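Asks: Got a structure for you, start_24.csv, holding CSV, C-alpha atoms.
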chain,number,residue,atom,x,y,z
A,1,MET,CA,9.2,3.5,-2.8
A,2,PRO,CA,5.8,2.2,-2.0
A,3,ARG,CA,2.6,4.2,-2.6
A,4,PHE,CA,2.1,5.9,0.8
A,5,ALA,CA,-1.2,7.1,2.2
A,6,ALA,CA,-2.0,9.1,5.4
A,7,ASN,CA,-4.4,7.9,8.0
A,8,LEU,CA,-6.2,11.1,8.9
A,9,SER,CA,-7.6,9.6,12.2
A,10,MET,CA,-4.0,9.7,13.5
A,11,LEU,CA,-2.0,12.1,11.4
A,12,PHE,CA,-2.5,15.9,11.3
A,13,THR,CA,-4.6,15.9,14.4
A,14,GLU,CA,-3.3,19.4,15.1
A,15,VAL,CA,-6.3,20.6,13.1
A,16,ASP,CA,-9.9,19.6,12.8
A,17,PHE,CA,-10.7,16.6,10.6
A,18,PRO,CA,-11.9,18.5,7.5
A,19,GLU,CA,-8.7,20.4,7.4
A,20,ARG,CA,-6.5,17.3,7.4
A,21,PHE,CA,-7.1,16.6,3.8
A,22,ALA,CA,-5.4,19.7,2.6
A,23,MET,CA,-2.5,19.1,5.0
A,24,ALA,CA,-2.0,15.6,3.8
A,25,ARG,CA,-1.9,16.8,0.2
A,26,ALA,CA,0.5,19.6,1.1
A,27,ALA,CA,2.8,17.1,2.7
A,28,GLY,CA,2.9,15.0,-0.5
A,29,PHE,CA,0.4,12.3,0.1
A,30,GLU,CA,-1.9,11.2,-2.8
A,31,GLY,CA,-4.0,8.8,-0.8
A,32,VAL,CA,-5.8,9.0,2.5
A,33,GLU,CA,-7.7,6.6,4.9
A,34,TYR,CA,-9.3,7.0,8.2
A,35,LEU,CA,-11.2,4.8,10.6
A,36,PHE,CA,-14.7,5.8,9.8
A,37,PRO,CA,-16.5,8.3,7.5
A,38,TYR,CA,-20.0,8.0,8.9
A,39,ALA,CA,-20.0,11.2,11.0
A,40,TYR,CA,-19.8,13.3,7.8
A,41,PRO,CA,-22.1,13.4,4.8
A,42,LYS,CA,-20.5,11.5,2.0
A,43,GLU,CA,-21.0,14.4,-0.3
A,44,ARG,CA,-18.8,16.6,1.9
A,45,LEU,CA,-16.1,14.0,2.1
A,46,GLY,CA,-16.2,13.5,-1.6
A,47,GLN,CA,-15.7,17.2,-2.1
A,48,MET,CA,-12.7,17.3,0.2
A,49,LEU,CA,-11.1,14.5,-1.7
A,50,SER,CA,-11.8,16.2,-5.0
A,51,ASP,CA,-10.6,19.6,-3.9
A,52,ASN,CA,-7.3,18.1,-2.7
A,53,GLN,CA,-6.9,15.5,-5.5
A,54,LEU,CA,-6.7,12.7,-3.1
A,55,THR,CA,-7.7,9.0,-3.4
A,56,GLN,CA,-9.8,7.4,-0.7
A,57,VAL,CA,-7.8,4.3,0.0
A,58,LEU,CA,-9.8,2.5,2.7
A,59,PHE,CA,-12.1,2.9,5.7
A,60,ASN,CA,-13.7,0.4,8.1
A,61,LEU,CA,-17.1,-1.0,8.2
A,62,PRO,CA,-19.2,0.4,11.1
A,63,PRO,CA,-17.7,-1.1,14.3
A,64,GLY,CA,-20.7,-1.0,16.7
A,65,ASN,CA,-20.3,1.5,19.6
A,66,TRP,CA,-16.7,2.5,19.3
A,67,ASP,CA,-16.8,5.1,22.1
A,68,ALA,CA,-18.1,2.4,24.4
A,69,GLY,CA,-15.2,0.1,23.6
A,70,GLU,CA,-16.7,-2.1,20.8
A,71,ARG,CA,-14.1,-3.0,18.1
A,72,GLY,CA,-16.3,-4.5,15.4
A,73,ILE,CA,-19.4,-6.7,15.6
A,74,ALA,CA,-18.7,-9.3,12.9
A,75,CYS,CA,-18.2,-12.1,15.4
A,76,LEU,CA,-21.2,-11.3,17.6
A,77,PRO,CA,-24.2,-13.7,17.0
A,78,ASP,CA,-26.8,-11.3,18.4
A,79,ARG,CA,-25.7,-8.4,16.1
A,80,VAL,CA,-26.0,-10.0,12.6
A,81,GLU,CA,-28.7,-7.7,11.3
A,82,GLU,CA,-26.8,-4.6,12.5
A,83,PHE,CA,-23.7,-5.9,10.8
A,84,LYS,CA,-25.5,-6.3,7.5
A,85,ALA,CA,-27.0,-2.9,7.8
A,86,GLY,CA,-23.5,-1.5,8.4
A,87,VAL,CA,-22.2,-3.2,5.2
A,88,ASP,CA,-24.9,-1.6,3.2
A,89,GLN,CA,-24.0,1.8,4.7
A,90,ALA,CA,-20.3,1.3,4.0
A,91,ILE,CA,-21.0,0.4,0.4
A,92,ASP,CA,-23.0,3.5,0.0
A,93,TYR,CA,-20.1,5.6,1.3
A,94,ALA,CA,-17.5,3.6,-0.7
A,95,LYS,CA,-19.3,4.2,-4.0
A,96,ALA,CA,-19.7,7.9,-3.3
A,97,LEU,CA,-16.0,8.2,-2.4
A,98,GLY,CA,-14.6,6.0,-5.1
A,99,CYS,CA,-13.1,3.7,-2.4
A,100,ARG,CA,-12.3,0.2,-3.7
A,101,GLN,CA,-11.4,-1.4,-0.4
A,102,LEU,CA,-13.2,-1.7,3.0
A,103,ASN,CA,-11.9,-3.2,6.2
A,104,CYS,CA,-13.9,-5.5,8.5
A,105,LEU,CA,-13.1,-5.4,12.2
A,106,ALA,CA,-13.8,-8.8,13.5
A,107,GLY,CA,-14.5,-7.7,17.1
A,108,LEU,CA,-13.9,-8.7,20.7
A,109,LYS,CA,-15.3,-12.1,21.7
A,110,PRO,CA,-17.6,-11.9,24.7
A,111,ALA,CA,-16.9,-14.3,27.5
A,112,ASN,CA,-20.3,-15.8,27.3
A,113,VAL,CA,-20.0,-16.7,23.6
A,114,ALA,CA,-18.3,-20.0,22.7
A,115,ASP,CA,-15.3,-19.8,20.5
A,116,GLU,CA,-16.9,-21.9,17.8
A,117,ILE,CA,-20.1,-19.8,17.8
A,118,ALA,CA,-18.0,-16.6,17.4
A,119,TRP,CA,-16.0,-18.1,14.6
A,120,GLN,CA,-18.9,-19.4,12.7
A,121,THR,CA,-20.7,-16.1,13.0
A,122,LEU,CA,-17.6,-14.3,11.7
A,123,VAL,CA,-17.4,-16.7,8.8
A,124,SER,CA,-21.0,-16.3,7.9
A,125,ASN,CA,-20.9,-12.5,8.2
A,126,VAL,CA,-17.7,-12.1,6.2
A,127,ALA,CA,-18.9,-14.4,3.5
A,128,TRP,CA,-22.2,-12.4,3.2
A,129,ALA,CA,-20.3,-9.1,3.1
A,130,ALA,CA,-17.8,-10.4,0.5
A,131,GLY,CA,-20.7,-11.2,-1.8
A,132,LYS,CA,-22.3,-7.8,-1.4
A,133,LEU,CA,-19.0,-6.0,-2.0
A,134,ALA,CA,-18.1,-8.2,-5.0
A,135,ASP,CA,-21.3,-7.0,-6.6
A,136,GLU,CA,-19.9,-3.5,-6.4
A,137,GLY,CA,-16.3,-4.4,-7.4
A,138,ILE,CA,-15.0,-3.7,-3.9
A,139,THR,CA,-12.4,-5.7,-2.0
A,140,LEU,CA,-13.0,-6.7,1.6
A,141,CYS,CA,-10.0,-6.6,3.9
A,142,LEU,CA,-9.6,-8.4,7.2
A,143,GLU,CA,-7.1,-7.1,9.7
A,144,ALA,CA,-5.2,-9.0,12.4
A,145,ILE,CA,-4.9,-6.7,15.5
A,146,ASN,CA,-2.6,-7.5,18.4
A,147,SER,CA,-4.3,-8.9,21.5
A,148,ARG,CA,-1.3,-8.4,23.7
A,149,VAL,CA,-1.3,-4.6,24.0
A,150,ASP,CA,-4.1,-2.9,22.1
A,151,MET,CA,-7.1,-5.1,21.9
A,152,PRO,CA,-7.2,-8.1,24.3
A,153,GLY,CA,-9.8,-10.5,23.2
A,154,PHE,CA,-9.8,-9.5,19.5
A,155,VAL,CA,-10.8,-12.5,17.5
A,156,LEU,CA,-8.4,-12.1,14.6
A,157,ASP,CA,-5.0,-11.5,16.3
A,158,THR,CA,-2.6,-13.3,14.0
A,159,SER,CA,-2.1,-13.4,10.2
A,160,GLY,CA,-2.6,-17.2,10.4
A,161,LYS,CA,-6.2,-16.7,11.8
A,162,VAL,CA,-7.0,-14.2,9.0
A,163,LEU,CA,-5.6,-16.6,6.4
A,164,ALA,CA,-7.7,-19.5,7.8
A,165,LEU,CA,-10.8,-17.3,7.5
A,166,ILE,CA,-9.9,-16.3,4.0
A,167,GLU,CA,-9.4,-19.9,3.0
A,168,GLU,CA,-12.7,-21.0,4.6
A,169,ILE,CA,-14.7,-18.3,2.8
A,170,ASP,CA,-12.9,-18.8,-0.5
A,171,ALA,CA,-14.0,-15.5,-2.2
A,172,ASP,CA,-11.9,-13.8,-4.8
A,173,ASN,CA,-12.3,-10.3,-3.2
A,174,VAL,CA,-11.3,-11.1,0.4
A,175,ARG,CA,-7.7,-10.0,1.4
A,176,LEU,CA,-5.5,-9.6,4.4
A,177,GLN,CA,-4.8,-6.2,5.8
A,178,TYR,CA,-1.3,-6.5,7.1
A,179,ASP,CA,-0.4,-4.0,9.8
A,180,LEU,CA,3.3,-3.9,10.6
A,181,TYR,CA,2.8,-2.6,14.1
A,182,HIS,CA,0.3,-5.3,15.2
A,183,MET,CA,2.3,-8.1,13.5
A,184,GLN,CA,5.6,-7.0,15.0
A,185,ILE,CA,4.0,-7.4,18.4
A,186,MET,CA,2.3,-10.8,17.7
A,187,GLU,CA,4.7,-12.4,15.2
A,188,GLY,CA,7.8,-10.5,14.2
A,189,ASP,CA,9.8,-11.7,11.2
A,190,LEU,CA,8.0,-9.0,9.2
A,191,VAL,CA,9.8,-9.2,5.8
A,192,ARG,CA,9.6,-13.0,5.5
A,193,SER,CA,6.0,-13.0,6.7
A,194,MET,CA,5.0,-10.5,4.0
A,195,GLU,CA,6.8,-12.4,1.4
A,196,CYS,CA,4.9,-15.6,2.3
A,197,LEU,CA,1.6,-13.8,2.6
A,198,LEU,CA,1.9,-11.5,-0.4
A,199,PRO,CA,-0.7,-13.3,-2.5
A,200,TRP,CA,-3.3,-12.6,0.1
A,201,ILE,CA,-2.3,-9.0,1.2
A,202,GLY,CA,-4.6,-6.3,0.0
A,203,HIS,CA,-3.4,-3.4,2.1
A,204,ILE,CA,-0.5,-2.6,4.4
A,205,GLN,CA,-0.4,-0.2,7.4
A,206,PHE,CA,2.5,0.7,9.7
A,207,ALA,CA,3.7,2.3,12.9
A,208,ASP,CA,6.8,1.6,14.9
A,209,ASN,CA,6.9,-0.5,18.0
A,210,PRO,CA,6.7,0.0,21.0
A,211,GLY,CA,4.5,3.1,21.2
A,212,ARG,CA,2.8,3.1,17.9
A,213,HIS,CA,4.7,6.2,16.8
A,214,GLU,CA,6.5,7.2,13.6
A,215,PRO,CA,9.3,5.2,12.0
A,216,GLY,CA,12.6,5.7,13.9
A,217,THR,CA,11.1,5.7,17.4
A,218,GLY,CA,11.2,2.0,17.9
A,219,GLU,CA,12.6,-1.3,16.9
A,220,ILE,CA,11.5,-1.8,13.3
A,221,ASN,CA,14.0,-1.1,10.5
A,222,PHE,CA,11.7,0.7,8.2
A,223,SER,CA,14.3,1.4,5.5
A,224,ASN,CA,14.7,-2.3,5.1
A,225,VAL,CA,11.0,-3.1,5.3
A,226,PHE,CA,10.0,-0.5,2.7
A,227,ALA,CA,12.7,-1.7,0.4
A,228,ALA,CA,11.5,-5.2,0.8
A,229,ILE,CA,7.9,-4.3,0.1
A,230,ASP,CA,9.1,-2.7,-3.2
A,231,ALA,CA,11.3,-5.7,-4.0
A,232,MET,CA,8.5,-8.2,-3.5
A,233,GLY,CA,6.4,-6.4,-6.1
A,234,TYR,CA,3.5,-5.3,-3.8
A,235,ASP,CA,1.6,-2.6,-5.7
A,236,GLY,CA,-1.1,-1.6,-3.2
A,237,TRP,CA,-1.1,1.3,-0.7
A,238,VAL,CA,1.0,1.5,2.4
A,239,SER,CA,-0.7,3.6,5.0
A,240,ALA,CA,0.9,5.6,7.8
A,241,GLU,CA,-1.3,4.8,10.8
A,242,TYR,CA,0.8,6.0,13.7
A,243,ARG,CA,0.6,8.6,16.5
A,244,PRO,CA,3.2,11.3,15.9
A,245,THR,CA,5.4,12.0,19.0
A,246,GLY,CA,5.1,15.8,18.1
A,247,ALA,CA,3.8,17.8,15.2
A,248,THR,CA,2.8,15.5,12.3
A,249,GLY,CA,5.1,17.4,9.9
A,250,ASP,CA,8.1,16.8,12.1
A,251,SER,CA,7.4,13.0,12.1
A,252,LEU,CA,7.6,12.7,8.3
A,253,GLY,CA,11.4,12.2,7.9
A,254,TRP,CA,10.7,8.7,6.6
A,255,PHE,CA,8.4,10.0,3.8
A,256,PRO,CA,10.1,10.8,0.4
A,257,GLY,CA,7.2,12.9,-0.7
A,258,LYS,CA,7.2,15.3,2.3
A,259,ALA,CA,7.1,19.0,1.7
Mind turning this structure into structure tokens?
Replies:
Amino acid sequence: MPRFAANLSMLFTEVDFPERFAMARAAGFEGVEYLFPYAYPKERLGQMLSDNQLTQVLFNLPPGNWDAGERGIACLPDRVEEFKAGVDQAIDYAKALGCRQLNCLAGLKPANVADEIAWQTLVSNVAWAAGKLADEGITLCLEAINSRVDMPGFVLDTSGKVLALIEEIDADNVRLQYDLYHMQIMEGDLVRSMECLLPWIGHIQFADNPGRHEPGTGEINFSNVFAAIDAMGYDGWVSAEYRPTGATGDSLGWFPGKA
């Protein structure tokens, strides 16, 4: 089976965030991710990882004002310096936590910004970030997020757009973050898509659709999908990023390492 990680922003929310590390380990996970680490001192997060023998798999670059609805600032021409400062902050955390991959949220395109300006800003920012991360041996992931249900206006809403960006930047450390939930909504044909995109995939996330809940609550055949991920030779992490319909422990029937 794939190497599964738990997204602590969505799983084990029955307890406060610091307690989720131990719950993830007790459930059988060896890796964790979460949206953002910046609300906690990196030393404290590092201690929680160490205490529970967990690998920090991934987290996102600073997204702007998340609570106000911002979903990344990489495409915003008036926020370039803020984006660069966020990259530096993320690298600082990644080095402290032993995290070898960071995800860049492209952002929502404002109506008053031309498509070409937003795209060129994104290209420039991602190229700059990729260079900074390469100096530290860190991979930069780019995630396609569906624009039909969750994030209308998100600049990178298909795997094809992410691949076009990767090819334009042409940096060895830039990869596609493939989220099964988002891509089922936008594209479908998940197994064949992953087989075609495998050379560019650096990280995989999943939730069922519709609802973004645990496997078995929607239309995706996860037994087949997980078997296919194994068969195609993908050796990265596969992260559970879903909202459990009940207690997290009760949602782990799909997970072979559950307690």
Asks: What does the structure give for the distance between atom CA of Lys132 of chain A and atom CA of Pro199 of chain A, in Å to one decimal?
Replies: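 About the pair atom CA of Lys132 of chain A and atom CA of Pro199 of chain A: they are 22.3 Å apart.
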Asks: Between A:Val162, A:Met10, A:Leu45, A:Cys99, which is the closest to Arg212 of chain A once you count only C-alpha atoms?
Replies: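 When distances to Arg212 of chain A are compared using only C-alpha atoms, the smallest one comes from A:Met10.
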Asks: Atom CA of Pro2 of chain A and atom CA of Gly28 of chain A, how far apart in Å?
Replies: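 For atom CA of Gly28 of chain A relative to atom CA of Pro2 of chain A, the distance reads 13.2 Å.
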Asks: Please return as a ChimeraX atom specification every residue within 10 Å of (0.3, -10.0, -1.0), taking into account all atoms listed in the file and the file's own coordinates.
Replies: /A:175-178,194-204,229,232-236
Asks: Find the spatial neighbours of Pro110 of chain A, counting all atoms listed in the file, within a cut-off of 9 Å - ignore same-chain residues fewer than 4 positions away - and output them as a list in words.
Replies: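 My reading of the contact set: Leu76, Ala114, Ala118 and Gly153 of chain A.
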Asks: Which residues of segment 40-93 of chain A sit at most 12 Å from segment 134-139 of chain A, using only C-alpha atoms? Give each one's shortest atom pair and distance in Å (one decimal place), in chain and ascending residue order, as JSON lines.
Replies:
{"residue": "A:Val57", "atom": "CA", "partner": "A:Thr139", "partner_atom": "CA", "distance": 11.2}
{"residue": "A:Leu58", "atom": "CA", "partner": "A:Thr139", "partner_atom": "CA", "distance": 9.8}
{"residue": "A:Phe59", "atom": "CA", "partner": "A:Thr139", "partner_atom": "CA", "distance": 11.5}
{"residue": "A:Asn60", "atom": "CA", "partner": "A:Thr139", "partner_atom": "CA", "distance": 11.9}
{"residue": "A:Val87", "atom": "CA", "partner": "A:Ile138", "partner_atom": "CA", "distance": 11.6}
{"residue": "A:Asp88", "atom": "CA", "partner": "A:Glu136", "partner_atom": "CA", "distance": 11.0}
{"residue": "A:Ala90", "atom": "CA", "partner": "A:Ile138", "partner_atom": "CA", "distance": 10.7}
{"residue": "A:Ile91", "atom": "CA", "partner": "A:Glu136", "partner_atom": "CA", "distance": 7.9}
{"residue": "A:Asp92", "atom": "CA", "partner": "A:Glu136", "partner_atom": "CA", "distance": 10.0}
{"residue": "A:Tyr93", "atom": "CA", "partner": "A:Ile138", "partner_atom": "CA", "distance": 11.8}
Asks: Rounded to one decimal in Å, what is the spacing between atom CA of Asp16 of chain A and atom CA of Phe4 of chain A?
Replies: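 Pair atom CA of Asp16 of chain A / atom CA of Phe4 of chain A returns 21.8 Å.
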Asks: Using only C-alpha atoms, can you tell me which of A:Gln47, A:Arg192, A:Gly98, A:Leu122 comes closest to Arg79 of chain A?
Replies: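 Counting only C-alpha atoms, the residue closest to Arg79 of chain A is A:Leu122.
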Asks: Considering all atoms listed in the file, can you say which of A:Trp119, A:Phe206, A:Phe29, A:Trp237 comes closest to Gln101 of chain A?
Replies: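 Selected residue with least distance to Gln101 of chain A: A:Trp237.
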Asks: Which protein, DNA or RNA residues have an atom at most 12 Å from (12.8, -2.5, 5.2), counting all atoms listed in the file? List them as a PyMOL selection string.
Replies: chain A and resi 1-2+180+189-192+194+206+215-216+219-232+254
Asks: Between A:Met186, A:Leu163, A:Ala27, A:Ala68, which one has atoms that come closest to Pro256 of chain A, using only C-alpha atoms?
Replies: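 Ranked by minimum distance to Pro256 of chain A, first place goes to A:Ala27.
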Asks: So which residues touch segment 165-172 of chain A within 8 Å, counting all atoms listed in the file, skipping near sequence neighbours fewer than 3 positions away, as a VMD selection string?
Replies: chain A and resid 123 126 to 127 130 to 131 161 to 162 175
Asks: Could you check which of A:Thr13, A:Gln89, A:Thr55, A:Ser159 is closest to Pro41 of chain A, using only C-alpha atoms?
Replies: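 The answer is A:Gln89, which sits nearest to Pro41 of chain A.
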